[in-house]
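Shown here: entry_20.csv, CSV, C-alpha atoms and all ligand atoms.
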chain,number,residue,atom,x,y,z
A,902,MET,CA,293.7,169.9,103.2
A,903,ILE,CA,294.0,173.7,103.6
A,904,TYR,CA,293.7,174.7,107.2
A,905,LEU,CA,293.0,178.4,107.7
A,906,ASP,CA,291.5,178.3,111.2
A,907,ASN,CA,294.7,178.7,113.2
A,908,ALA,CA,293.2,181.3,115.6
A,909,ALA,CA,290.8,178.5,116.8
A,910,THR,CA,293.7,176.1,117.2
A,911,THR,CA,296.9,175.0,115.5
A,912,LYS,CA,298.2,171.6,114.4
A,913,PRO,CA,300.6,170.4,117.0
A,914,SER,CA,304.1,170.3,115.7
A,915,GLU,CA,306.0,167.0,115.4
A,916,ALA,CA,308.5,168.2,118.1
A,917,SER,CA,305.6,169.0,120.4
A,918,VAL,CA,303.9,165.6,119.8
A,919,SER,CA,307.1,163.7,120.4
A,920,ALA,CA,307.8,165.7,123.6
A,921,VAL,CA,304.3,164.8,124.9
A,922,MET,CA,304.9,161.1,124.1
A,923,ASN,CA,308.3,161.0,125.7
A,924,ALA,CA,307.1,162.7,128.8
A,925,LEU,CA,304.2,160.2,129.1
A,926,GLU,CA,306.9,157.6,129.7
A,927,CYS,CA,308.4,159.7,132.5
A,928,PHE,CA,305.3,159.2,134.6
A,929,GLY,CA,306.5,160.2,138.1
A,930,ASN,CA,304.7,162.9,140.0
A,931,PRO,CA,306.9,166.0,140.3
A,932,SER,CA,306.0,166.3,143.9
A,933,SER,CA,307.3,162.8,144.8
A,934,LEU,CA,310.6,162.7,146.6
A,935,HIS,CA,311.9,159.6,144.9
A,936,LYS,CA,314.0,159.6,141.7
A,937,LEU,CA,310.9,159.2,139.4
A,938,GLY,CA,309.5,162.4,140.9
A,939,VAL,CA,312.8,164.2,140.7
A,940,GLU,CA,313.1,163.2,137.0
A,941,ALA,CA,309.6,164.6,136.3
A,942,GLU,CA,310.4,167.8,138.3
A,943,LYS,CA,313.5,168.3,136.1
A,944,LEU,CA,311.3,168.3,133.0
A,945,LEU,CA,308.9,170.7,134.7
A,946,ASP,CA,311.7,173.1,135.6
A,947,LYS,CA,313.2,172.9,132.1
A,948,ALA,CA,309.8,173.7,130.5
A,949,ARG,CA,309.2,176.6,132.9
A,950,ALA,CA,312.5,178.1,132.0
A,951,ALA,CA,311.7,177.9,128.3
A,952,ILE,CA,308.3,179.6,128.7
A,953,ALA,CA,309.9,182.3,131.0
A,954,ASP,CA,312.7,182.9,128.5
A,955,SER,CA,310.2,183.3,125.6
A,956,ILE,CA,308.7,186.5,127.2
A,957,GLY,CA,311.7,187.8,129.1
A,958,ALA,CA,310.4,186.7,132.5
A,959,THR,CA,312.1,184.8,135.3
A,960,ASP,CA,311.2,181.1,136.0
A,961,SER,CA,309.5,182.0,139.3
A,962,GLU,CA,307.1,184.3,137.5
A,963,ILE,CA,305.5,181.5,135.4
A,964,TYR,CA,302.7,179.3,136.7
A,965,PHE,CA,301.3,176.5,134.5
A,966,THR,CA,297.5,176.3,134.1
A,967,SER,CA,295.1,174.3,132.0
A,968,GLY,CA,295.0,177.0,129.3
A,969,ALA,CA,294.3,180.7,128.8
A,970,THR,CA,290.7,180.4,130.1
A,971,GLU,CA,292.0,179.4,133.5
A,972,SER,CA,294.8,181.9,133.3
A,973,ASN,CA,292.3,184.7,132.6
A,974,ASN,CA,289.9,183.7,135.3
A,975,THR,CA,292.7,183.3,137.8
A,976,ALA,CA,294.2,186.7,137.1
A,977,ILE,CA,290.8,188.6,137.1
A,978,PHE,CA,289.2,186.9,140.1
A,979,GLY,CA,292.5,186.9,142.0
A,980,ALA,CA,293.1,190.6,141.5
A,981,ALA,CA,289.4,191.4,142.5
A,982,LYS,CA,289.6,189.2,145.6
A,983,LYS,CA,292.9,190.8,146.7
A,984,LEU,CA,291.7,194.4,146.4
A,985,TYR,CA,287.9,194.3,146.8
A,986,LYS,CA,287.9,195.8,150.3
A,987,ARG,CA,289.6,198.9,149.0
A,988,LYS,CA,288.9,199.1,145.3
A,989,LYS,CA,285.6,198.4,143.7
A,990,ARG,CA,286.1,199.4,140.0
A,991,ALA,CA,287.3,197.0,137.2
A,992,VAL,CA,288.1,198.1,133.6
A,993,THR,CA,288.1,196.0,130.4
A,994,THR,CA,287.0,196.4,126.8
A,995,THR,CA,283.9,195.3,124.9
A,996,ILE,CA,285.9,193.1,122.5
A,997,GLU,CA,287.5,190.6,124.9
A,998,HIS,CA,287.4,186.8,124.7
A,999,PRO,CA,284.4,185.3,126.7
A,1000,SER,CA,286.8,184.0,129.3
A,1001,VAL,CA,287.5,187.7,130.2
A,1002,THR,CA,284.1,189.1,129.4
A,1003,LYS,CA,282.2,186.6,131.5
A,1004,ALA,CA,284.7,187.0,134.4
A,1005,PHE,CA,284.0,190.7,134.4
A,1006,ASP,CA,280.2,190.0,134.3
A,1007,ARG,CA,280.6,188.0,137.4
A,1008,LEU,CA,282.6,190.8,139.1
A,1009,GLU,CA,279.7,193.1,138.3
A,1010,GLU,CA,277.2,190.7,139.9
A,1011,ASP,CA,279.5,190.7,142.9
A,1012,GLY,CA,279.2,194.5,143.3
A,1013,PHE,CA,282.1,195.8,141.2
A,1014,GLU,CA,281.6,198.8,139.0
A,1015,VAL,CA,282.7,197.5,135.6
A,1016,VAL,CA,283.7,199.9,132.9
A,1017,ARG,CA,283.9,198.4,129.4
A,1018,ILE,CA,285.8,200.4,126.8
A,1019,ALA,CA,284.4,200.2,123.3
A,1020,PRO,CA,286.3,200.8,120.0
A,1021,ASN,CA,286.0,204.4,118.6
A,1022,ASP,CA,284.4,205.3,115.3
A,1023,ASN,CA,287.5,204.1,113.5
A,1024,GLY,CA,287.1,200.7,115.1
A,1025,GLU,CA,290.1,201.2,117.3
A,1026,ILE,CA,290.5,200.9,121.1
A,1027,ASP,CA,292.0,204.2,122.1
A,1028,ALA,CA,294.8,204.1,124.7
A,1029,ALA,CA,293.5,207.3,126.2
A,1030,ASP,CA,290.1,205.8,126.8
A,1031,ILE,CA,291.6,202.9,128.8
A,1032,ILE,CA,293.8,205.3,130.8
A,1033,ASN,CA,290.9,207.7,131.5
A,1034,ALA,CA,288.6,204.8,132.7
A,1035,VAL,CA,291.1,203.9,135.4
A,1036,ASP,CA,291.0,205.7,138.7
A,1037,ASP,CA,292.4,205.3,142.2
A,1038,ASN,CA,289.5,203.0,143.0
A,1039,THR,CA,290.4,200.5,140.2
A,1040,ALA,CA,291.4,197.0,141.2
A,1041,ILE,CA,292.1,195.5,137.8
A,1042,VAL,CA,292.3,196.5,134.2
A,1043,SER,CA,292.4,193.7,131.6
A,1044,CYS,CA,292.8,194.1,127.9
A,1045,MET,CA,293.8,191.7,125.1
A,1046,LEU,CA,296.8,192.5,122.9
A,1047,VAL,CA,295.5,191.0,119.6
A,1048,ASN,CA,291.8,190.4,119.0
A,1049,ASN,CA,290.9,186.9,118.1
A,1050,GLU,CA,288.1,187.8,115.5
A,1051,ASN,CA,289.8,190.4,113.4
A,1052,GLY,CA,293.4,190.6,114.5
A,1053,ARG,CA,293.1,194.2,115.7
A,1054,ILE,CA,296.2,195.1,117.8
A,1055,LEU,CA,295.3,197.1,121.0
A,1056,PRO,CA,297.7,199.8,122.4
A,1057,VAL,CA,297.8,198.0,125.7
A,1058,ASP,CA,301.5,198.5,126.5
A,1059,LYS,CA,301.1,202.3,126.0
A,1060,ALA,CA,298.0,202.5,128.2
A,1061,PHE,CA,299.4,200.3,130.9
A,1062,SER,CA,302.7,202.2,131.1
A,1063,VAL,CA,300.7,205.4,132.1
A,1064,ILE,CA,298.3,203.5,134.4
A,1065,LYS,CA,301.1,201.8,136.3
A,1066,LYS,CA,302.8,205.1,136.9
A,1067,ARG,CA,299.6,206.8,138.0
A,1068,TYR,CA,298.1,204.0,140.0
A,1069,PRO,CA,300.8,201.5,141.0
A,1070,GLN,CA,298.4,199.4,143.1
A,1071,THR,CA,295.9,198.8,140.2
A,1072,LEU,CA,296.7,195.4,138.7
A,1073,THR,CA,297.1,195.1,134.9
A,1074,HIS,CA,296.4,192.0,132.9
A,1075,ILE,CA,296.9,191.1,129.2
A,1076,ASP,CA,295.3,188.2,127.4
A,1077,CYS,CA,298.2,187.5,125.0
A,1078,VAL,CA,296.9,184.4,123.4
A,1079,GLN,CA,296.7,185.6,119.8
A,1080,ALA,CA,299.9,187.6,120.1
A,1081,TYR,CA,302.2,185.0,121.7
A,1082,MET,CA,304.9,183.7,119.4
A,1083,LYS,CA,303.5,186.0,116.7
A,1084,LEU,CA,304.6,189.4,117.9
A,1085,PRO,CA,307.9,189.7,119.8
A,1086,LEU,CA,306.7,190.0,123.4
A,1087,LYS,CA,308.7,191.1,126.4
A,1088,VAL,CA,307.2,191.5,129.9
A,1089,LYS,CA,309.3,194.6,130.5
A,1090,THR,CA,307.7,196.6,127.7
A,1091,LEU,CA,304.2,195.3,128.1
A,1092,ASN,CA,303.8,196.9,131.6
A,1093,ALA,CA,301.6,194.0,132.7
A,1094,ASP,CA,301.4,192.5,136.2
A,1095,MET,CA,299.8,189.4,134.7
A,1096,ILE,CA,299.9,187.8,131.2
A,1097,SER,CA,297.8,184.8,129.9
A,1098,LEU,CA,299.3,182.3,127.4
A,1099,SER,CA,297.9,179.2,125.7
A,1100,ALA,CA,299.8,176.3,124.1
A,1101,HIS,CA,297.4,175.1,121.5
A,1102,LYS,CA,297.5,178.4,119.5
A,1103,ILE,CA,301.2,177.9,119.0
A,1104,HIS,CA,301.4,174.3,117.7
A,1105,GLY,CA,301.4,172.9,121.2
A,1106,PRO,CA,298.8,170.6,122.9
A,1107,LYS,CA,295.4,171.6,124.2
A,1108,GLY,CA,294.7,171.8,127.9
A,1109,VAL,CA,297.8,173.7,128.9
A,1110,GLY,CA,298.8,177.3,129.3
A,1111,ALA,CA,300.5,179.6,131.6
A,1112,LEU,CA,300.0,182.7,133.7
A,1113,PHE,CA,302.9,185.2,134.2
A,1114,ILE,CA,302.7,187.0,137.5
A,1115,LYS,CA,305.2,189.7,137.9
A,1116,LYS,CA,307.6,189.3,140.8
A,1117,GLY,CA,306.3,191.1,143.9
A,1118,VAL,CA,302.6,190.8,142.8
A,1119,VAL,CA,300.7,188.5,145.1
A,1120,ILE,CA,297.1,187.4,144.4
A,1121,PRO,CA,295.1,184.6,146.0
A,1122,PRO,CA,295.0,181.2,144.2
A,1123,TYR,CA,291.9,180.3,142.2
A,1124,LEU,CA,292.4,176.5,142.6
A,1125,VAL,CA,293.3,175.3,146.1
A,1126,GLY,CA,294.4,171.8,147.1
A,1127,GLY,CA,297.8,170.0,147.2
A,1128,GLY,CA,299.8,173.2,146.9
A,1129,GLN,CA,301.5,172.6,143.6
A,1130,GLU,CA,303.0,175.6,141.7
A,1131,LYS,CA,304.2,177.2,144.9
A,1132,ALA,CA,300.7,176.8,146.3
A,1133,PHE,CA,299.3,179.1,143.7
A,1134,ARG,CA,297.7,176.5,141.4
A,1135,SER,CA,296.9,173.2,143.0
A,1136,GLY,CA,296.6,170.0,140.9
A,1137,THR,CA,299.3,167.6,139.8
A,1138,GLU,CA,301.1,169.2,136.9
A,1139,SER,CA,300.5,167.6,133.5
A,1140,ILE,CA,304.2,167.0,132.6
A,1141,PRO,CA,303.4,165.6,129.1
A,1142,LEU,CA,301.3,168.7,128.1
A,1143,ILE,CA,303.7,171.1,129.7
A,1144,CYS,CA,306.6,169.5,127.8
A,1145,GLY,CA,304.6,169.7,124.6
A,1146,PHE,CA,304.0,173.4,125.3
A,1147,SER,CA,307.7,174.0,125.9
A,1148,ALA,CA,308.8,172.1,122.8
A,1149,ALA,CA,306.4,174.2,120.7
A,1150,VAL,CA,307.9,177.3,122.2
A,1151,ASP,CA,311.5,176.1,121.6
A,1152,GLU,CA,310.6,175.7,117.9
A,1153,LEU,CA,309.1,179.1,117.5
A,1154,LYS,CA,311.2,181.3,119.8
A,1155,CYS,CA,313.6,182.3,117.0
A,1156,ASN,CA,312.7,184.2,113.9
A,1157,ILE,CA,309.4,185.7,115.3
A,1158,THR,CA,309.9,188.8,113.2
A,1159,GLU,CA,310.8,186.9,110.0
A,1160,ARG,CA,307.7,184.8,110.4
A,1161,PHE,CA,305.6,187.9,111.1
A,1162,ASP,CA,306.9,189.4,107.8
A,1163,TYR,CA,306.2,186.2,105.9
A,1164,VAL,CA,302.6,186.1,107.3
A,1165,LYS,CA,302.3,189.8,106.6
A,1166,SER,CA,303.1,189.1,102.9
A,1167,LEU,CA,300.3,186.5,103.0
A,1168,GLN,CA,297.9,189.0,104.4
A,1169,SER,CA,298.7,191.6,101.7
A,1170,TYR,CA,298.3,188.9,99.1
A,1171,LEU,CA,294.9,187.8,100.6
A,1172,PHE,CA,293.7,191.4,100.6
A,1173,ASP,CA,294.9,192.0,97.0
A,1174,ARG,CA,293.1,188.8,95.8
A,1175,CYS,CA,290.0,189.8,97.8
A,1176,SER,CA,289.9,193.2,96.2
A,1177,GLU,CA,289.7,191.5,92.8
A,1178,CYS,CA,286.3,190.1,93.8
A,1179,ASP,CA,283.5,192.7,94.1
A,1180,SER,CA,281.6,190.4,96.4
A,1181,ILE,CA,284.3,190.3,99.1
A,1182,HIS,CA,284.5,192.9,101.8
A,1183,ILE,CA,287.5,193.0,104.1
A,1184,ASN,CA,286.6,193.6,107.8
A,1185,SER,CA,290.2,193.6,109.0
A,1186,SER,CA,292.9,196.0,107.9
A,1187,SER,CA,296.6,196.0,107.2
A,1188,ALA,CA,297.0,197.5,110.7
A,1189,CYS,CA,295.7,194.2,112.2
A,1190,SER,CA,297.8,191.2,113.0
A,1191,PRO,CA,298.4,189.4,109.7
A,1192,TYR,CA,297.6,186.1,111.5
A,1193,VAL,CA,293.9,186.8,111.9
A,1194,ASN,CA,291.8,188.2,109.0
A,1195,SER,CA,288.1,188.8,108.9
A,1196,ILE,CA,286.3,189.0,105.5
A,1197,ALA,CA,282.7,188.9,104.4
A,1198,VAL,CA,281.3,187.5,101.1
A,1199,LYS,CA,278.3,189.8,100.4
A,1200,GLY,CA,275.0,188.0,100.5
A,1201,LEU,CA,276.3,184.6,101.5
A,1202,LYS,CA,275.7,183.3,105.0
A,1203,SER,CA,278.9,182.6,107.0
A,1204,GLU,CA,277.9,179.1,108.0
A,1205,VAL,CA,276.8,178.1,104.5
A,1206,LEU,CA,280.1,179.4,103.2
A,1207,LEU,CA,282.1,177.6,105.9
A,1208,HIS,CA,280.5,174.2,105.0
A,1209,PHE,CA,280.9,174.9,101.3
A,1210,LEU,CA,284.6,175.5,101.8
A,1211,GLU,CA,284.8,172.4,104.0
A,1212,GLU,CA,283.4,170.3,101.2
A,1213,HIS,CA,286.5,171.5,99.2
A,1214,ASP,CA,288.8,170.6,102.1
A,1215,ILE,CA,289.3,174.2,103.1
A,1216,PHE,CA,288.8,175.0,106.8
A,1217,VAL,CA,288.0,178.4,108.1
A,1218,SER,CA,285.8,179.8,110.9
A,1219,SER,CA,282.7,181.9,111.0
A,1220,GLY,CA,283.6,184.7,113.4
A,1221,SER,CA,285.4,183.0,116.2
A,1222,ALA,CA,285.3,179.3,117.2
A,1223,CYS,CA,283.8,180.4,120.5
A,1224,SER,CA,280.8,182.3,119.0
A,1225,LYS,CA,279.6,179.1,117.3
A,1226,GLY,CA,277.8,180.8,114.4
A,1227,LYS,CA,276.0,183.4,116.5
A,1228,LYS,CA,276.1,187.0,115.2
A,1229,SER,CA,279.4,188.3,116.6
A,1230,SER,CA,279.0,191.0,119.2
A,1231,VAL,CA,282.7,191.7,119.0
A,1232,LEU,CA,282.5,192.5,115.3
A,1233,GLN,CA,279.5,194.7,115.9
A,1234,GLU,CA,281.6,196.6,118.5
A,1235,PHE,CA,284.2,197.0,115.8
A,1236,LYS,CA,281.5,198.7,113.7
A,1237,VAL,CA,281.4,196.0,111.0
A,1238,GLU,CA,278.2,197.0,109.1
A,1239,SER,CA,275.3,194.8,109.9
A,1240,LYS,CA,275.0,193.7,106.2
A,1241,TYR,CA,278.4,192.0,106.5
A,1242,LEU,CA,277.9,190.5,110.0
A,1243,ASP,CA,276.0,187.4,108.8
A,1244,SER,CA,278.5,186.9,105.9
A,1245,THR,CA,281.8,187.0,107.8
A,1246,ILE,CA,284.4,184.3,107.9
A,1247,ARG,CA,287.7,184.4,109.6
A,1248,ILE,CA,290.9,183.4,107.8
A,1249,SER,CA,293.6,182.7,110.3
A,1250,PHE,CA,297.1,181.9,109.1
A,1251,SER,CA,300.0,180.0,110.6
A,1252,LYS,CA,303.7,179.9,109.6
A,1253,ASP,CA,302.8,176.9,107.4
A,1254,SER,CA,300.1,178.8,105.3
A,1255,THR,CA,301.0,179.6,101.7
A,1256,LYS,CA,299.9,181.8,98.7
A,1257,GLU,CA,298.7,178.6,97.1
A,1258,ASP,CA,296.3,178.2,100.0
A,1259,ILE,CA,295.0,181.7,99.4
A,1260,ASP,CA,294.6,181.0,95.6
A,1261,LYS,CA,292.5,177.9,96.4
A,1262,LEU,CA,290.4,179.8,98.9
A,1263,ILE,CA,289.7,182.7,96.5
A,1264,GLU,CA,288.9,180.2,93.7
A,1265,LYS,CA,286.3,178.5,95.9
A,1266,LEU,CA,284.9,181.8,97.3
A,1267,CYS,CA,284.3,182.9,93.7
A,1268,LEU,CA,282.6,179.5,93.0
A,1269,ALA,CA,280.5,179.9,96.1
A,1270,GLU,CA,279.5,183.4,95.0
A,1271,LYS,CA,278.3,182.0,91.6
A,1272,THR,CA,276.6,178.8,92.9
A,1273,LEU,CA,275.1,179.5,96.4
A,1274,CYS,CA,271.8,181.2,97.1
A,1275,LYS,CA,272.1,184.7,98.4
A,1276,ILE,CA,270.6,185.9,101.7
A,1277,LYS,CA,267.6,188.1,100.9
B,1,LIG,N1,291.8,184.3,124.8
B,1,LIG,C1,291.8,184.4,123.5
B,1,LIG,C2,292.0,185.7,122.8
B,1,LIG,C3,291.5,183.2,122.7
B,1,LIG,O1,291.5,183.3,121.4
B,1,LIG,C4,291.3,182.0,123.4
B,1,LIG,C5,291.1,180.7,122.6
B,1,LIG,N2,289.9,180.8,121.8
B,1,LIG,C6,291.3,182.0,124.8
B,1,LIG,C7,291.6,183.2,125.5
B,1,LIG,C8,291.1,180.7,125.6
B,1,LIG,O2,292.2,179.9,125.5
B,1,LIG,P1,292.2,178.4,125.9
B,1,LIG,O3,291.5,177.6,124.8
B,1,LIG,O4,293.6,178.0,126.1
B,1,LIG,O5,291.4,178.3,127.2
Would you put the structure from the file into structure tokens?
Amino acid sequence: MIYLDNAATTKPSEASVSAVMNALECFGNPSSLHKLGVEAEKLLDKARAAIADSIGATDSEIYFTSGATESNNTAIFGAAKKLYKRKKRAVTTTIEHPSVTKAFDRLEEDGFEVVRIAPNDNGEIDAADIINAVDDNTAIVSCMLVNNENGRILPVDKAFSVIKKRYPQTLTHIDCVQAYMKLPLKVKTLNADMISLSAHKIHGPKGVGALFIKKGVVIPPYLVGGGQEKAFRSGTESIPLICGFSAAVDELKCNITERFDYVKSLQSYLFDRCSECDSIHINSSSACSPYVNSIAVKGLKSEVLLHFLEEHDIFVSSGSACSKGKKSSVLQEFKVESKYLDSTIRISFSKDSTKEDIDKLIEKLCLAEKTLCKIK
């Protein structure tokens, strides 16, 4: 099996699976005062320290969630709720994940003026455009660091550094899901008040993630109840999933740059091999994260191509897993020509991907080109 859909999800590592299994045995509730509870709490604290360390944060700045969708919703709605009496503007981009886009749609319905920054003619989000969209009336600005459909890296750190100096009260949020453990991330240089992370994109389990909230920043909770996570995120913590998350982080925390360089060499190889085939168009570029690559096979429908590759045990995605075969509005925003939109597939690598995987992929893409019907 050749799995090239790592931006949708990754295969959990052995260490992560065994951490989940071991923690299932330790079934105490971390809020219980007896020794089973204390044992579970120790696992929780250890995991929190590992996640904090991975982004240069302190333990008290990390809140566990059910994944990045919840982290994004919590950050955006929390910031809006905190500031809505004084600030009625919210800024984001047109190329965010739906868990951000739809949260901003809701802010708009609730009376916020939402500004959505689009990529420029070169298909890049300009830091100056983000900066200029923010004013004294802005409650929240939220931008992703790496786009999940084409790997484009946004200049968020640069933009946020200016914004935080000019408007210290405006809250800044980054969806770091596709960057985490792939680019070296440190909260100090990202200039973000809040950062969303997800475990299942880094060889951890699904259903767990984290929200970093910078010390001193206070937003209201999204989930209320029993007061877990310092009353910020109620609900009994899933110790097994959290331990699986931290085991995945422990495995990846070293050699981020070396792995990046390895995956970069795969990206160059993929692009070289694609350029040998006249029928393949590359939507991404070498400036994009090498982990996420968007290509189109002229005249072939993405979904047909995806299933053809699947028959040969090669797994890719059409656009993003969340767009489920619909024409990607994100790629349109990135100025991908309409003739390529229906023919786009996403090749997303992990540390385990190889050149041999790419050779097999190209071989089957060429076969598809010869044997499948073209779109008129
Ligand atoms: N943001 C981005 C950029 C993503 O790629 C994803 C996953 N598709 C999410 C947020 C949502 O993450 P989760 O599945 O953990 O809710």
Handout entry: Within 9 Å of ligand LIG 1 (chain B), counting all atoms listed in the file, residues as a PyMOL selection string
Key = chain A and resi 908-910+967-973+997-1001+1045-1050+1076-1080+1097-1102+1107-1111+1221-1223
Exercise for the section: Figure out the distance between CA of Leu1210 (chain A) and CA of Asp1243 (chain A), please, to one decimal in Å. Expected result: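 Taking CA of Asp1243 (chain A) as the start and CA of Leu1210 (chain A) as the end point, the length is 16.3 Å.
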Handout entry: Point (289.3, 202.8, 139.6), cut-off 8 Å, counting only C-alpha atoms, residues as a VMD selection string
Key = chain A and resid 988 to 992 1034 to 1040 1071
Problem - Closest of A:Pro1121, A:Gly1105, A:Gly1128, A:Pro931 to Asp1151 (chain A) - atom-to-atom distances counting all atoms listed in the file - result: A:Gly1105
Problem - Interatomic distance, CA of Ala1132 (chain A) to CA of Arg949 (chain A) (Å, one decimal) - result: 15.9 Å
Practice task
Can you work out which one of A:Ser1203, A:Ser1169, A:Asn923, A:Asn1051 has the shortest atom-to-atom distance to Ile1248 (chain A), counting only C-alpha atoms?
Solution key: A:Asn1051
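Distances to Ile1064 (chain A) were evaluated for A:Thr994, A:Asn974, A:Thr1255, A:Ser1043 using only C-alpha atoms, and the minimum falls at A:Ser1043.
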Problem - Pick from A:Glu926, A:Glu1238, A:Glu1025, A:Asp960, whichever lies nearest to Ser1186 (chain A) using all atoms listed in the file - result: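 Among A:Glu926, A:Glu1238, A:Glu1025, A:Asp960, it is A:Glu1025 that comes nearest to Ser1186 (chain A).
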Problem - For Gly1145 (chain A), the nearest of the candidates A:Ser933, A:Asn1194, A:Thr966, A:Ser917, counting only C-alpha atoms - result: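 Checking each of A:Ser933, A:Asn1194, A:Thr966, A:Ser917 against Gly1145 (chain A), counting only C-alpha atoms, the winner is A:Ser917.
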Practice task
Please identify all polymer residues within 7 Å of region 979-984 of chain A, counting all atoms listed in the file, omitting same-chain residues fewer than 5 positions from it, and present them as number ranges by chain.
Solution key: A: 1040-1041, 1072, 1120-1123
Residue selection dump (C-alpha atoms) as a short mmCIF file (atom, residue, chain, number, x, y, z; two decimals), in the coordinates of the input:
data_model
loop_
_atom_site.label_atom_id
_atom_site.label_comp_id
_atom_site.auth_asym_id
_atom_site.auth_seq_id
_atom_site.Cartn_x
_atom_site.Cartn_y
_atom_site.Cartn_z
CA ALA A 1040 291.40 197.00 141.20
CA ILE A 1041 292.10 195.50 137.80
CA LEU A 1072 296.70 195.40 138.70
CA ILE A 1120 297.10 187.40 144.40
CA PRO A 1121 295.10 184.60 146.00
CA PRO A 1122 295.00 181.20 144.20
CA TYR A 1123 291.90 180.30 142.20
#
Practice task
Choose the residue, out of A:Gln1129, A:Ser1147, A:Thr1002, A:Ser914, that has the smallest atom-to-atom separation from Asp954 (chain A); count all atoms listed in the file.
Solution key: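 Of the candidates, the smallest distance to Asp954 (chain A) is held by A:Ser1147.
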Practice task
Please indicate the distance in Å from CA of Gly1012 (chain A) to CA of Lys986 (chain A), rounded to one decimal place.
Solution key: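 Distance reported for this atom pair: 11.2 Å.
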Would you list the contacts of region 1175-1182 of chain A as a PDB file with C-alpha atoms, keeping the file's coordinate frame, taking every protein, DNA or RNA residue within 10 Å and counting all atoms listed in the file, but skipping same-chain residues closer than 3 positions in sequence?
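Everything below was put into part-v9.pdb:
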ATOM      1  CA  SER A1169     298.700 191.600 101.700  1.00  0.00           C
ATOM      2  CA  TYR A1170     298.300 188.900  99.100  1.00  0.00           C
ATOM      3  CA  LEU A1171     294.900 187.800 100.600  1.00  0.00           C
ATOM      4  CA  PHE A1172     293.700 191.400 100.600  1.00  0.00           C
ATOM      5  CA  SER A1185     290.200 193.600 109.000  1.00  0.00           C
ATOM      6  CA  SER A1195     288.100 188.800 108.900  1.00  0.00           C
ATOM      7  CA  ILE A1196     286.300 189.000 105.500  1.00  0.00           C
ATOM      8  CA  ALA A1197     282.700 188.900 104.400  1.00  0.00           C
ATOM      9  CA  VAL A1198     281.300 187.500 101.100  1.00  0.00           C
ATOM     10  CA  LYS A1199     278.300 189.800 100.400  1.00  0.00           C
ATOM     11  CA  GLY A1200     275.000 188.000 100.500  1.00  0.00           C
ATOM     12  CA  LEU A1201     276.300 184.600 101.500  1.00  0.00           C
ATOM     13  CA  TYR A1241     278.400 192.000 106.500  1.00  0.00           C
ATOM     14  CA  SER A1244     278.500 186.900 105.900  1.00  0.00           C
ATOM     15  CA  THR A1245     281.800 187.000 107.800  1.00  0.00           C
ATOM     16  CA  ILE A1259     295.000 181.700  99.400  1.00  0.00           C
ATOM     17  CA  ILE A1263     289.700 182.700  96.500  1.00  0.00           C
ATOM     18  CA  LEU A1266     284.900 181.800  97.300  1.00  0.00           C
ATOM     19  CA  CYS A1267     284.300 182.900  93.700  1.00  0.00           C
ATOM     20  CA  GLU A1270     279.500 183.400  95.000  1.00  0.00           C
TER      21      GLU A1270
END
Exercise for the section: With a distance cut-off of 10 Å and only C-alpha atoms, select the neighbouring residues of Glu915 (chain A), excluding the residue or stretch itself and same-chain residues fewer than 2 positions from it, and output the selection as a PyMOL selection string. Expected result: chain A and resi 912-913+917-921+1104-1105+1145+1148-1149
Exercise for the section: Counting all atoms listed in the file, find the residues whose atoms lie at most 8 Å from (304.4, 166.3, 128.4) (file coordinates) and write them out as a PyMOL selection string. Expected result: chain A and resi 920-925+1139-1146
Problem - Contacts of Gly1136 (chain A) within 9 Å, only C-alpha atoms, excl. fewer than 5 positions in-chain, as a list in words - result: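 Skipping anything fewer than 5 positions along the chain leaves Leu1124, Val1125, Gly1126, Gly1127, Gly1128, Gln1129 and Glu1130 of chain A.
Near Lys1154 (chain A), within 12 Å and counting all atoms listed in the file, sit A:Ala951, A:Ile952, A:Ala953, A:Asp954, A:Ser955, A:Ile956, A:Gly957, A:Tyr1081, A:Met1082, A:Lys1083, A:Leu1084, A:Pro1085, A:Leu1086, A:Ile1103, A:Ser1147, A:Ala1148, A:Ala1149, A:Val1150, A:Asp1151, A:Glu1152, A:Asn1156, A:Ile1157, A:Thr1158, A:Glu1159, A:Arg1160, not including residues fewer than 2 positions from it in the same chain.
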